[in-house]
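Text of upload07.cif (mmCIF, C-alpha atoms and all ligand atoms) as supplied:
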```
data_target
#
loop_
_atom_site.label_atom_id
_atom_site.label_comp_id
_atom_site.auth_asym_id
_atom_site.auth_seq_id
_atom_site.Cartn_x
_atom_site.Cartn_y
_atom_site.Cartn_z
CA MET S 1 -82.05 11.16 -146.81
CA ASN S 2 -83.74 8.13 -148.33
CA LYS S 3 -87.37 9.18 -148.70
CA GLN S 4 -88.81 5.67 -148.74
CA GLU S 5 -86.87 4.80 -145.60
CA VAL S 6 -88.08 7.98 -143.83
CA LEU S 7 -91.68 7.09 -144.73
CA ILE S 8 -91.26 3.60 -143.28
CA GLN S 9 -89.74 5.03 -140.10
CA ALA S 10 -92.51 7.63 -139.82
CA GLU S 11 -95.11 4.93 -140.22
CA MET S 12 -93.60 2.91 -137.37
CA TYR S 13 -93.28 6.01 -135.17
CA VAL S 14 -96.88 7.15 -135.63
CA ARG S 15 -98.22 3.65 -135.36
CA SER S 16 -96.52 3.11 -132.02
CA ILE S 17 -98.08 6.33 -130.64
CA LEU S 18 -101.59 6.02 -132.04
CA GLU S 19 -102.15 2.27 -132.03
CA GLU S 20 -104.14 2.36 -128.80
CA ASP S 21 -106.22 5.44 -129.58
CA SER S 22 -109.95 4.97 -130.01
CA SER S 23 -111.08 8.62 -130.14
CA GLY S 24 -111.01 8.88 -133.91
CA HIS S 25 -107.26 9.44 -134.21
CA ASP S 26 -106.34 5.83 -134.36
CA TRP S 27 -103.60 4.52 -136.62
CA TRP S 28 -106.11 3.44 -139.26
CA HIS S 29 -107.31 7.04 -139.68
CA ILE S 30 -103.70 7.98 -140.43
CA HIS S 31 -103.36 5.04 -142.80
CA ARG S 32 -106.47 6.11 -144.74
CA VAL S 33 -105.47 9.78 -144.86
CA ARG S 34 -102.08 8.80 -146.23
CA GLY S 35 -103.70 6.61 -148.89
CA LEU S 36 -106.19 9.32 -149.89
CA ALA S 37 -103.43 11.96 -149.92
CA LYS S 38 -101.37 9.79 -152.23
CA LYS S 39 -104.29 9.27 -154.58
CA ILE S 40 -105.11 12.99 -154.72
CA ALA S 41 -101.42 13.96 -154.99
CA ILE S 42 -100.96 11.77 -158.05
CA ASN S 43 -104.05 13.33 -159.61
CA GLU S 44 -102.96 16.89 -158.79
CA GLY S 45 -99.26 16.48 -159.56
CA ALA S 46 -98.21 17.33 -155.97
CA ASP S 47 -94.98 16.22 -154.26
CA LEU S 48 -95.67 12.69 -153.04
CA PHE S 49 -93.09 12.60 -150.27
CA ILE S 50 -94.32 15.83 -148.66
CA CYS S 51 -97.95 14.70 -148.93
CA GLU S 52 -97.33 11.24 -147.48
CA ILE S 53 -95.05 12.27 -144.63
CA THR S 54 -97.39 15.12 -143.64
CA ALA S 55 -100.40 12.83 -143.74
CA LEU S 56 -98.55 10.36 -141.50
CA LEU S 57 -97.60 13.02 -138.94
CA HIS S 58 -100.62 15.33 -139.16
CA ASP S 59 -102.42 14.29 -135.98
CA LEU S 60 -99.41 14.21 -133.68
CA ALA S 61 -99.82 17.91 -132.87
CA ASP S 62 -103.46 17.55 -131.88
CA GLU S 63 -103.99 18.92 -128.39
CA LYS S 64 -106.50 16.14 -127.77
CA LEU S 65 -103.54 13.75 -127.83
CA PHE S 66 -100.80 15.57 -125.94
CA GLY S 67 -102.75 18.37 -124.29
CA ASP S 68 -100.56 20.93 -126.01
CA GLU S 69 -100.25 21.70 -129.70
CA GLU S 70 -96.85 23.44 -129.35
CA LYS S 71 -95.30 20.39 -127.68
CA GLY S 72 -96.63 18.16 -130.41
CA LEU S 73 -95.21 20.42 -133.13
CA LEU S 74 -91.80 20.53 -131.45
CA SER S 75 -91.57 16.77 -131.26
CA ILE S 76 -92.51 16.45 -134.93
CA GLU S 77 -89.78 18.97 -135.81
CA GLU S 78 -87.24 17.03 -133.73
CA TRP S 79 -88.24 13.76 -135.31
CA LEU S 80 -87.86 15.16 -138.85
CA LYS S 81 -84.46 16.63 -138.01
CA GLU S 82 -83.24 13.35 -136.55
CA HIS S 83 -84.31 11.57 -139.71
CA GLY S 84 -82.42 13.92 -142.01
CA VAL S 85 -85.37 15.84 -143.50
CA CYS S 86 -84.06 19.19 -144.79
CA GLN S 87 -84.99 22.54 -143.28
CA GLU S 88 -87.12 23.59 -146.26
CA SER S 89 -89.21 20.42 -146.17
CA ARG S 90 -89.51 20.58 -142.38
CA THR S 91 -90.90 24.10 -142.54
CA HIS S 92 -93.29 23.07 -145.29
CA ILE S 93 -94.55 20.01 -143.36
CA LEU S 94 -95.01 21.91 -140.08
CA THR S 95 -96.79 24.81 -141.76
CA ILE S 96 -99.28 22.41 -143.29
CA ILE S 97 -99.90 20.64 -139.98
CA LYS S 98 -100.45 23.97 -138.18
CA THR S 99 -102.88 25.21 -140.82
CA MET S 100 -104.84 21.99 -141.17
CA SER S 101 -107.12 21.94 -138.20
CA PHE S 102 -110.79 22.71 -138.72
CA LYS S 103 -111.43 23.53 -135.07
CA GLY S 104 -112.48 26.98 -133.98
CA GLY S 105 -113.52 28.00 -137.45
CA ASN S 106 -109.94 27.95 -138.66
CA ARG S 107 -110.37 28.85 -142.30
CA LYS S 108 -106.86 30.04 -143.12
CA PRO S 109 -106.26 28.94 -146.71
CA MET S 110 -103.53 26.44 -147.46
CA GLU S 111 -100.68 28.09 -149.27
CA THR S 112 -99.24 25.12 -151.13
CA LYS S 113 -100.57 22.38 -153.34
CA GLU S 114 -99.31 19.73 -150.92
CA GLY S 115 -101.19 21.44 -148.08
CA ARG S 116 -104.37 21.47 -150.12
CA VAL S 117 -103.96 17.77 -150.87
CA VAL S 118 -103.39 16.62 -147.28
CA GLN S 119 -106.19 18.80 -145.91
CA ASP S 120 -108.58 17.33 -148.49
CA ALA S 121 -107.52 13.81 -147.53
CA ASP S 122 -108.15 14.48 -143.83
CA ARG S 123 -111.54 16.03 -144.62
CA LEU S 124 -112.58 13.08 -146.78
CA ASP S 125 -111.96 10.73 -143.87
CA ALA S 126 -114.40 12.81 -141.78
CA ILE S 127 -117.32 12.22 -144.21
CA GLY S 128 -118.98 9.26 -145.89
CA ALA S 129 -119.53 5.96 -144.07
CA ILE S 130 -116.13 6.18 -142.36
CA GLY S 131 -116.85 9.73 -141.21
CA ILE S 132 -120.16 8.64 -139.71
CA GLY S 133 -118.45 5.75 -137.92
CA ARG S 134 -115.75 8.03 -136.55
CA THR S 135 -118.29 10.57 -135.34
CA PHE S 136 -120.24 8.01 -133.34
CA ALA S 137 -117.03 6.47 -131.98
CA TYR S 138 -115.80 9.92 -130.91
CA ALA S 139 -119.13 10.81 -129.31
CA GLY S 140 -119.03 7.52 -127.36
CA ALA S 141 -115.47 8.16 -126.20
CA LYS S 142 -116.51 11.64 -124.97
CA GLU S 143 -119.66 10.28 -123.34
CA GLU S 144 -121.83 12.39 -125.61
CA LEU S 145 -125.30 11.30 -126.63
CA MET S 146 -125.79 10.16 -130.18
CA TYR S 147 -128.75 12.55 -130.52
CA ASP S 148 -130.90 14.78 -128.33
CA PRO S 149 -133.88 16.42 -130.03
CA SER S 150 -134.39 18.80 -127.09
CA ILE S 151 -131.09 20.56 -127.86
CA PRO S 152 -131.44 23.05 -130.71
CA VAL S 153 -129.17 22.41 -133.69
CA ARG S 154 -125.95 24.44 -133.51
CA THR S 155 -124.03 25.01 -136.69
CA GLU S 156 -121.31 27.31 -135.38
CA MET S 157 -119.04 26.84 -132.39
CA THR S 158 -116.06 28.89 -131.23
CA LYS S 159 -112.73 27.23 -130.55
CA GLU S 160 -113.38 27.42 -126.81
CA GLU S 161 -116.85 25.92 -127.13
CA TYR S 162 -115.53 23.26 -129.45
CA ARG S 163 -112.87 22.30 -126.93
CA LYS S 164 -115.14 22.13 -123.90
CA GLY S 165 -118.44 21.76 -125.59
CA LYS S 166 -120.74 18.90 -125.23
CA SER S 167 -122.30 18.10 -128.51
CA THR S 168 -124.06 15.08 -129.93
CA ALA S 169 -122.98 12.85 -132.77
CA ILE S 170 -125.89 14.11 -134.89
CA ASN S 171 -125.20 17.77 -134.08
CA HIS S 172 -121.63 17.22 -135.23
CA PHE S 173 -123.02 16.64 -138.73
CA TYR S 174 -124.33 20.24 -138.70
CA GLU S 175 -121.26 21.69 -136.93
CA LYS S 176 -118.81 20.16 -139.30
CA LEU S 177 -119.48 17.17 -141.53
CA LEU S 178 -122.06 18.74 -143.84
CA LYS S 179 -119.82 21.78 -144.37
CA LEU S 180 -116.76 19.91 -145.55
CA LYS S 181 -117.86 19.32 -149.15
CA ASP S 182 -117.77 23.07 -149.86
CA LEU S 183 -114.40 23.49 -148.18
CA MET S 184 -112.55 21.04 -150.42
CA ASN S 185 -109.50 22.50 -152.15
CA THR S 186 -108.72 20.26 -155.10
CA ASP S 187 -110.92 19.24 -158.03
CA TYR S 188 -110.31 15.57 -157.40
CA GLY S 189 -111.00 16.00 -153.68
CA LYS S 190 -114.29 17.75 -154.49
CA GLN S 191 -115.30 14.89 -156.72
CA LEU S 192 -114.64 12.32 -154.00
CA ALA S 193 -116.35 14.49 -151.37
CA GLU S 194 -119.53 14.81 -153.42
CA GLU S 195 -120.35 11.09 -153.18
CA ARG S 196 -119.47 10.88 -149.51
CA HIS S 197 -121.59 13.96 -148.80
CA GLN S 198 -124.63 12.42 -150.46
CA TYR S 199 -124.18 9.38 -148.28
CA LEU S 200 -124.23 11.63 -145.18
CA GLU S 201 -127.50 13.21 -146.26
CA VAL S 202 -129.16 9.87 -146.91
CA PHE S 203 -127.99 8.60 -143.52
CA LEU S 204 -129.18 11.69 -141.67
CA GLU S 205 -132.61 11.64 -143.25
CA ARG S 206 -133.05 7.98 -142.45
CA PHE S 207 -131.76 8.40 -138.88
CA LEU S 208 -134.26 11.19 -138.18
CA GLU S 209 -137.09 9.20 -139.71
CA GLU S 210 -136.31 6.17 -137.57
CA TRP S 211 -136.05 8.49 -134.56
CA GLU S 212 -139.69 9.35 -135.21
CA MET S 213 -140.34 5.60 -135.26
CA LYS S 214 -141.29 5.73 -138.92
P1 LIG P 301 -109.51 15.19 -137.71
O1 LIG P 301 -108.47 14.25 -137.20
O2 LIG P 301 -110.23 14.61 -138.90
O3 LIG P 301 -109.01 16.58 -137.93
P2 LIG P 301 -110.91 15.80 -135.17
O4 LIG P 301 -109.68 15.78 -134.38
O5 LIG P 301 -111.68 17.08 -135.17
O6 LIG P 301 -110.71 15.32 -136.68
O7 LIG P 301 -111.88 14.66 -134.65
C1 LIG P 301 -111.70 13.28 -134.84
C2 LIG P 301 -112.98 12.61 -135.36
O8 LIG P 301 -114.05 12.81 -134.44
C3 LIG P 301 -113.50 13.20 -136.69
O9 LIG P 301 -114.12 12.19 -137.44
C4 LIG P 301 -114.49 14.25 -136.24
O10 LIG P 301 -115.45 14.55 -137.22
C5 LIG P 301 -115.08 13.60 -135.02
N1 LIG P 301 -115.49 14.59 -134.00
C6 LIG P 301 -114.83 15.70 -133.59
N2 LIG P 301 -115.51 16.39 -132.65
C7 LIG P 301 -116.66 15.67 -132.44
C8 LIG P 301 -117.82 15.82 -131.58
N3 LIG P 301 -117.94 16.84 -130.73
N4 LIG P 301 -118.78 14.87 -131.64
C9 LIG P 301 -118.68 13.83 -132.49
N5 LIG P 301 -117.64 13.62 -133.33
C10 LIG P 301 -116.65 14.52 -133.31
NI NI P 302 -106.80 13.66 -138.98
#
```
Let's see the structure in the file written out as structure tokens.
Amino acid sequence: MNKQEVLIQAEMYVRSILEEDSSGHDWWHIHRVRGLAKKIAINEGADLFICEITALLHDLADEKLFGDEEKGLLSIEEWLKEHGVCQESRTHILTIIKTMSFKGGNRKPMETKEGRVVQDADRLDAIGAIGIGRTFAYAGAKEELMYDPSIPVRTEMTKEEYRKGKSTAINHFYEKLLKLKDLMNTDYGKQLAEERHQYLEVFLERFLEEWEMK
């Protein structure tokens, strides 16, 4: 297996599937997560191939895309096999992808350094200016309001509620975005998250002030 070649193939594969997506899982999210994962991996001394390939494939098992997480995982496994990725790496990659999701209060700790790196990269792309943009884009795609002051703020949602639940873009900050800083795994990831988190707080404060027509 030529690792560089597999990465190029994976990029083309994921790109062809996610190019049209506008719900926050678009190709450019994958591109950024891969870039962030690479940066953190170099800093943490993690295996670059595992981090990059996992970042590239990480959203293909999302039930929002295929309606079924198991199906998504199986097709990732098939793809890796076809491209000559060994059993040990396949298991590693799939375990990370399964453990990664935030939804439903999934707080199972990552068992490997590579897992911690890719999860941090995905979380970083959910905060900061990009995270804010993605949240509003997602809310629009789901026909959610950007804000509704008559709905009390909810900070916890079960998996079921998360799946069905109507939220608002602003409530999503409290459900998820503002929590991510404290969930970061790696020192370098924490450092990057800190700045992005501050940006979220500034944005939120300003948004709520303007809401009051200040
Ligand atoms: P990820 O691919 O980062 O794991 P998700 O699949 O949970 O993220 O969601 C894709 C994007 O949409 C993320 O930026 C996330 O924060 C945002 N998002 C998820 N659920 C909601 C929601 N109910 N309202 C607004 N934004 C959301
Ligand atoms: Ni993602």
Inset, instruction - Using only C-alpha atoms and all ligand atoms, pick whichever of S:Leu74, S:Val202, S:Leu56, S:Ile8 has the shortest atom-to-atom distance to ligand LIG 301 (chain P). - result: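 Distance minimum relative to ligand LIG 301 (chain P) lands on S:Leu56.
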Inset, instruction - Using only C-alpha atoms and all ligand atoms, determine which residues fall within 9 Å of ligand NI 302 (chain P), then list them as a PyMOL selection string. - result: chain S and resi 24-25+29-30+33+55+58-59+62+100-101+119+121-123+125-126
Legend entry - ligand LIG 301 (chain P) neighbours within 9 Å using all atoms listed in the file, as number ranges by chain: S: 23-25, 29-30, 58-59, 62-64, 100-103, 119, 122-127, 130-140, 142, 144-146, 162-163, 165-173, 175-177
Inset, instruction - Between CA of Arg107 in chain S and CA of Thr155 in chain S, measure the distance and give it in Å to one decimal. - result: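 It comes out at 15.3 Å.
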Inset, instruction - Can you work out which one of S:Ala10, S:Leu36, S:Leu208, S:Met1 has the shortest atom-to-atom distance to Ala193 in chain S, counting all atoms listed in the file? - result: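 Looking only at the distances to Ala193 in chain S, the closest residue turns out to be S:Leu36.
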Inset, instruction - Find the residues near Asn185 in chain S: any atom within 7 Å, counting all atoms listed in the file, skip ones fewer than 3 places away on the same chain, and give them as a list in words. - result: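 Here the qualifying residues turn out to be Arg116, Asp120 and Gly189 of chain S.
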Inset, instruction - Using CA of Phe49 in chain S and CA of Lys3 in chain S as the two end points, give the distance in Å to one decimal. - result: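 If I compute the distance from CA of Phe49 in chain S to CA of Lys3 in chain S, I get 6.8 Å.
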Legend entry - Atom pair CA of Glu205 in chain S / CA of Met184 in chain S: separation (Å): 23.3 Å
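Nearest-residue note for Ile53 in chain S: choosing from S:Ala141, S:Leu80, S:Ile17, S:Leu200, the minimum distance belongs to S:Leu80, counting only C-alpha atoms.
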Inset, instruction - Point out the residue among S:Arg196, S:Ala129, S:Tyr13, S:Gln87 with the least atom-to-atom distance to Ser75 in chain S, counting only C-alpha atoms. - result: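 Looking at the shortest contact to Ser75 in chain S, the residue is S:Tyr13.
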Legend entry - Shell of 12 Å around Gly84 in chain S, only C-alpha atoms, local chain residues under 3 positions omitted, as number ranges by chain: S: 1-3, 5-7, 9, 77-81, 87-90
Dump all heavy atoms of range 81-97 of chain S from the given block, as a PDB file, in the first residue's frame.
```
ATOM      1  N   LYS S  81     -10.400  -1.776   2.599  1.00  0.00           N
ATOM      2  CA  LYS S  81      -9.938  -3.100   2.185  1.00  0.00           C
ATOM      3  C   LYS S  81      -9.525  -3.077   0.715  1.00  0.00           C
ATOM      4  O   LYS S  81      -8.440  -3.498   0.349  1.00  0.00           O
ATOM      5  CB  LYS S  81     -11.081  -4.114   2.384  1.00  0.00           C
ATOM      6  CG  LYS S  81     -10.659  -5.367   3.140  1.00  0.00           C
ATOM      7  CD  LYS S  81     -11.751  -6.401   3.055  1.00  0.00           C
ATOM      8  CE  LYS S  81     -12.352  -6.623   4.430  1.00  0.00           C
ATOM      9  NZ  LYS S  81     -13.450  -7.590   4.441  1.00  0.00           N
ATOM     10  N   GLU S  82     -10.423  -2.541  -0.104  1.00  0.00           N
ATOM     11  CA  GLU S  82     -10.146  -2.456  -1.550  1.00  0.00           C
ATOM     12  C   GLU S  82      -8.862  -1.690  -1.850  1.00  0.00           C
ATOM     13  O   GLU S  82      -8.221  -1.918  -2.871  1.00  0.00           O
ATOM     14  CB  GLU S  82     -11.284  -1.706  -2.268  1.00  0.00           C
ATOM     15  CG  GLU S  82     -12.438  -2.572  -2.672  1.00  0.00           C
ATOM     16  CD  GLU S  82     -13.640  -1.704  -3.085  1.00  0.00           C
ATOM     17  OE1 GLU S  82     -13.437  -0.565  -3.560  1.00  0.00           O
ATOM     18  OE2 GLU S  82     -14.772  -2.183  -2.899  1.00  0.00           O
ATOM     19  N   HIS S  83      -8.543  -0.735  -0.982  1.00  0.00           N
ATOM     20  CA  HIS S  83      -7.352   0.072  -1.246  1.00  0.00           C
ATOM     21  C   HIS S  83      -6.129  -0.409  -0.486  1.00  0.00           C
ATOM     22  O   HIS S  83      -5.152   0.334  -0.334  1.00  0.00           O
ATOM     23  CB  HIS S  83      -7.657   1.556  -0.993  1.00  0.00           C
ATOM     24  CG  HIS S  83      -8.583   2.109  -2.030  1.00  0.00           C
ATOM     25  ND1 HIS S  83      -9.941   1.902  -1.991  1.00  0.00           N
ATOM     26  CD2 HIS S  83      -8.333   2.796  -3.169  1.00  0.00           C
ATOM     27  CE1 HIS S  83     -10.492   2.455  -3.045  1.00  0.00           C
ATOM     28  NE2 HIS S  83      -9.542   3.005  -3.787  1.00  0.00           N
ATOM     29  N   GLY S  84      -6.193  -1.641   0.003  1.00  0.00           N
ATOM     30  CA  GLY S  84      -5.014  -2.300   0.558  1.00  0.00           C
ATOM     31  C   GLY S  84      -4.591  -1.833   1.943  1.00  0.00           C
ATOM     32  O   GLY S  84      -3.446  -2.043   2.353  1.00  0.00           O
ATOM     33  N   VAL S  85      -5.512  -1.201   2.693  1.00  0.00           N
ATOM     34  CA  VAL S  85      -5.170  -0.788   4.061  1.00  0.00           C
ATOM     35  C   VAL S  85      -5.275  -2.019   4.974  1.00  0.00           C
ATOM     36  O   VAL S  85      -6.275  -2.737   4.943  1.00  0.00           O
ATOM     37  CB  VAL S  85      -6.113   0.353   4.542  1.00  0.00           C
ATOM     38  CG1 VAL S  85      -5.817   0.742   5.978  1.00  0.00           C
ATOM     39  CG2 VAL S  85      -5.994   1.558   3.614  1.00  0.00           C
ATOM     40  N   CYS S  86      -4.218  -2.258   5.768  1.00  0.00           N
ATOM     41  CA  CYS S  86      -4.158  -3.500   6.564  1.00  0.00           C
ATOM     42  C   CYS S  86      -5.233  -3.549   7.650  1.00  0.00           C
ATOM     43  O   CYS S  86      -5.772  -2.516   8.060  1.00  0.00           O
ATOM     44  CB  CYS S  86      -2.774  -3.667   7.179  1.00  0.00           C
ATOM     45  SG  CYS S  86      -2.456  -2.478   8.500  1.00  0.00           S
ATOM     46  N   GLN S  87      -5.498  -4.763   8.093  1.00  0.00           N
ATOM     47  CA  GLN S  87      -6.542  -5.016   9.096  1.00  0.00           C
ATOM     48  C   GLN S  87      -6.368  -4.145  10.353  1.00  0.00           C
ATOM     49  O   GLN S  87      -7.317  -3.552  10.853  1.00  0.00           O
ATOM     50  CB  GLN S  87      -6.490  -6.512   9.453  1.00  0.00           C
ATOM     51  CG  GLN S  87      -7.217  -6.903  10.728  1.00  0.00           C
ATOM     52  CD  GLN S  87      -8.671  -7.205  10.451  1.00  0.00           C
ATOM     53  OE1 GLN S  87      -8.967  -8.148   9.720  1.00  0.00           O
ATOM     54  NE2 GLN S  87      -9.557  -6.415  11.019  1.00  0.00           N
ATOM     55  N   GLU S  88      -5.123  -4.080  10.827  1.00  0.00           N
ATOM     56  CA  GLU S  88      -4.863  -3.335  12.067  1.00  0.00           C
ATOM     57  C   GLU S  88      -5.226  -1.840  11.904  1.00  0.00           C
ATOM     58  O   GLU S  88      -5.897  -1.261  12.752  1.00  0.00           O
ATOM     59  CB  GLU S  88      -3.375  -3.475  12.419  1.00  0.00           C
ATOM     60  CG  GLU S  88      -3.038  -3.027  13.819  1.00  0.00           C
ATOM     61  CD  GLU S  88      -1.519  -2.923  14.008  1.00  0.00           C
ATOM     62  OE1 GLU S  88      -0.765  -3.573  13.225  1.00  0.00           O
ATOM     63  OE2 GLU S  88      -1.097  -2.201  14.908  1.00  0.00           O
ATOM     64  N   SER S  89      -4.799  -1.274  10.781  1.00  0.00           N
ATOM     65  CA  SER S  89      -5.123   0.140  10.540  1.00  0.00           C
ATOM     66  C   SER S  89      -6.622   0.324  10.327  1.00  0.00           C
ATOM     67  O   SER S  89      -7.207   1.306  10.803  1.00  0.00           O
ATOM     68  CB  SER S  89      -4.386   0.661   9.306  1.00  0.00           C
ATOM     69  OG  SER S  89      -3.008   0.622   9.513  1.00  0.00           O
ATOM     70  N   ARG S  90      -7.241  -0.623   9.635  1.00  0.00           N
ATOM     71  CA  ARG S  90      -8.693  -0.504   9.389  1.00  0.00           C
ATOM     72  C   ARG S  90      -9.452  -0.463  10.703  1.00  0.00           C
ATOM     73  O   ARG S  90     -10.343   0.357  10.899  1.00  0.00           O
ATOM     74  CB  ARG S  90      -9.201  -1.685   8.545  1.00  0.00           C
ATOM     75  CG  ARG S  90      -8.705  -1.699   7.125  1.00  0.00           C
ATOM     76  CD  ARG S  90      -9.645  -2.500   6.219  1.00  0.00           C
ATOM     77  NE  ARG S  90      -9.929  -3.861   6.656  1.00  0.00           N
ATOM     78  CZ  ARG S  90      -9.244  -4.939   6.281  1.00  0.00           C
ATOM     79  NH1 ARG S  90      -8.213  -4.829   5.464  1.00  0.00           N
ATOM     80  NH2 ARG S  90      -9.592  -6.142   6.706  1.00  0.00           N
ATOM     81  N   THR S  91      -9.087  -1.372  11.606  1.00  0.00           N
ATOM     82  CA  THR S  91      -9.760  -1.416  12.907  1.00  0.00           C
ATOM     83  C   THR S  91      -9.538  -0.104  13.658  1.00  0.00           C
ATOM     84  O   THR S  91     -10.469   0.459  14.243  1.00  0.00           O
ATOM     85  CB  THR S  91      -9.225  -2.593  13.752  1.00  0.00           C
ATOM     86  OG1 THR S  91      -9.326  -3.767  12.950  1.00  0.00           O
ATOM     87  CG2 THR S  91     -10.004  -2.776  15.031  1.00  0.00           C
ATOM     88  N   HIS S  92      -8.315   0.387  13.599  1.00  0.00           N
ATOM     89  CA  HIS S  92      -7.987   1.631  14.283  1.00  0.00           C
ATOM     90  C   HIS S  92      -8.852   2.791  13.741  1.00  0.00           C
ATOM     91  O   HIS S  92      -9.502   3.514  14.485  1.00  0.00           O
ATOM     92  CB  HIS S  92      -6.489   1.918  14.107  1.00  0.00           C
ATOM     93  CG  HIS S  92      -5.980   3.029  14.966  1.00  0.00           C
ATOM     94  ND1 HIS S  92      -4.670   3.399  15.004  1.00  0.00           N
ATOM     95  CD2 HIS S  92      -6.618   3.877  15.814  1.00  0.00           C
ATOM     96  CE1 HIS S  92      -4.521   4.416  15.841  1.00  0.00           C
ATOM     97  NE2 HIS S  92      -5.686   4.723  16.341  1.00  0.00           N
ATOM     98  N   ILE S  93      -8.869   2.910  12.403  1.00  0.00           N
ATOM     99  CA  ILE S  93      -9.613   4.000  11.746  1.00  0.00           C
ATOM    100  C   ILE S  93     -11.110   3.930  12.092  1.00  0.00           C
ATOM    101  O   ILE S  93     -11.733   4.928  12.466  1.00  0.00           O
ATOM    102  CB  ILE S  93      -9.413   3.921  10.207  1.00  0.00           C
ATOM    103  CG1 ILE S  93      -7.939   4.181   9.860  1.00  0.00           C
ATOM    104  CG2 ILE S  93     -10.340   4.893   9.476  1.00  0.00           C
ATOM    105  CD1 ILE S  93      -7.520   3.716   8.463  1.00  0.00           C
ATOM    106  N   LEU S  94     -11.676   2.723  11.995  1.00  0.00           N
ATOM    107  CA  LEU S  94     -13.124   2.581  12.240  1.00  0.00           C
ATOM    108  C   LEU S  94     -13.475   2.831  13.699  1.00  0.00           C
ATOM    109  O   LEU S  94     -14.516   3.417  13.999  1.00  0.00           O
ATOM    110  CB  LEU S  94     -13.612   1.200  11.791  1.00  0.00           C
ATOM    111  CG  LEU S  94     -13.726   1.124  10.272  1.00  0.00           C
ATOM    112  CD1 LEU S  94     -13.692  -0.310   9.774  1.00  0.00           C
ATOM    113  CD2 LEU S  94     -14.995   1.803   9.773  1.00  0.00           C
ATOM    114  N   THR S  95     -12.587   2.402  14.596  1.00  0.00           N
ATOM    115  CA  THR S  95     -12.850   2.648  16.023  1.00  0.00           C
ATOM    116  C   THR S  95     -12.875   4.142  16.303  1.00  0.00           C
ATOM    117  O   THR S  95     -13.744   4.646  17.023  1.00  0.00           O
ATOM    118  CB  THR S  95     -11.769   1.969  16.901  1.00  0.00           C
ATOM    119  OG1 THR S  95     -11.700   0.609  16.518  1.00  0.00           O
ATOM    120  CG2 THR S  95     -12.098   2.072  18.381  1.00  0.00           C
ATOM    121  N   ILE S  96     -11.953   4.868  15.700  1.00  0.00           N
ATOM    122  CA  ILE S  96     -11.946   6.323  15.909  1.00  0.00           C
ATOM    123  C   ILE S  96     -13.248   6.933  15.379  1.00  0.00           C
ATOM    124  O   ILE S  96     -13.903   7.719  16.067  1.00  0.00           O
ATOM    125  CB  ILE S  96     -10.745   6.999  15.206  1.00  0.00           C
ATOM    126  CG1 ILE S  96      -9.411   6.472  15.741  1.00  0.00           C
ATOM    127  CG2 ILE S  96     -10.818   8.529  15.385  1.00  0.00           C
ATOM    128  CD1 ILE S  96      -8.182   6.979  14.988  1.00  0.00           C
ATOM    129  N   ILE S  97     -13.632   6.553  14.173  1.00  0.00           N
ATOM    130  CA  ILE S  97     -14.827   7.148  13.567  1.00  0.00           C
ATOM    131  C   ILE S  97     -16.065   6.867  14.427  1.00  0.00           C
ATOM    132  O   ILE S  97     -16.891   7.749  14.660  1.00  0.00           O
ATOM    133  CB  ILE S  97     -15.015   6.658  12.111  1.00  0.00           C
ATOM    134  CG1 ILE S  97     -13.843   7.174  11.259  1.00  0.00           C
ATOM    135  CG2 ILE S  97     -16.356   7.122  11.529  1.00  0.00           C
ATOM    136  CD1 ILE S  97     -13.852   6.711   9.818  1.00  0.00           C
TER     137      ILE S  97
END
```
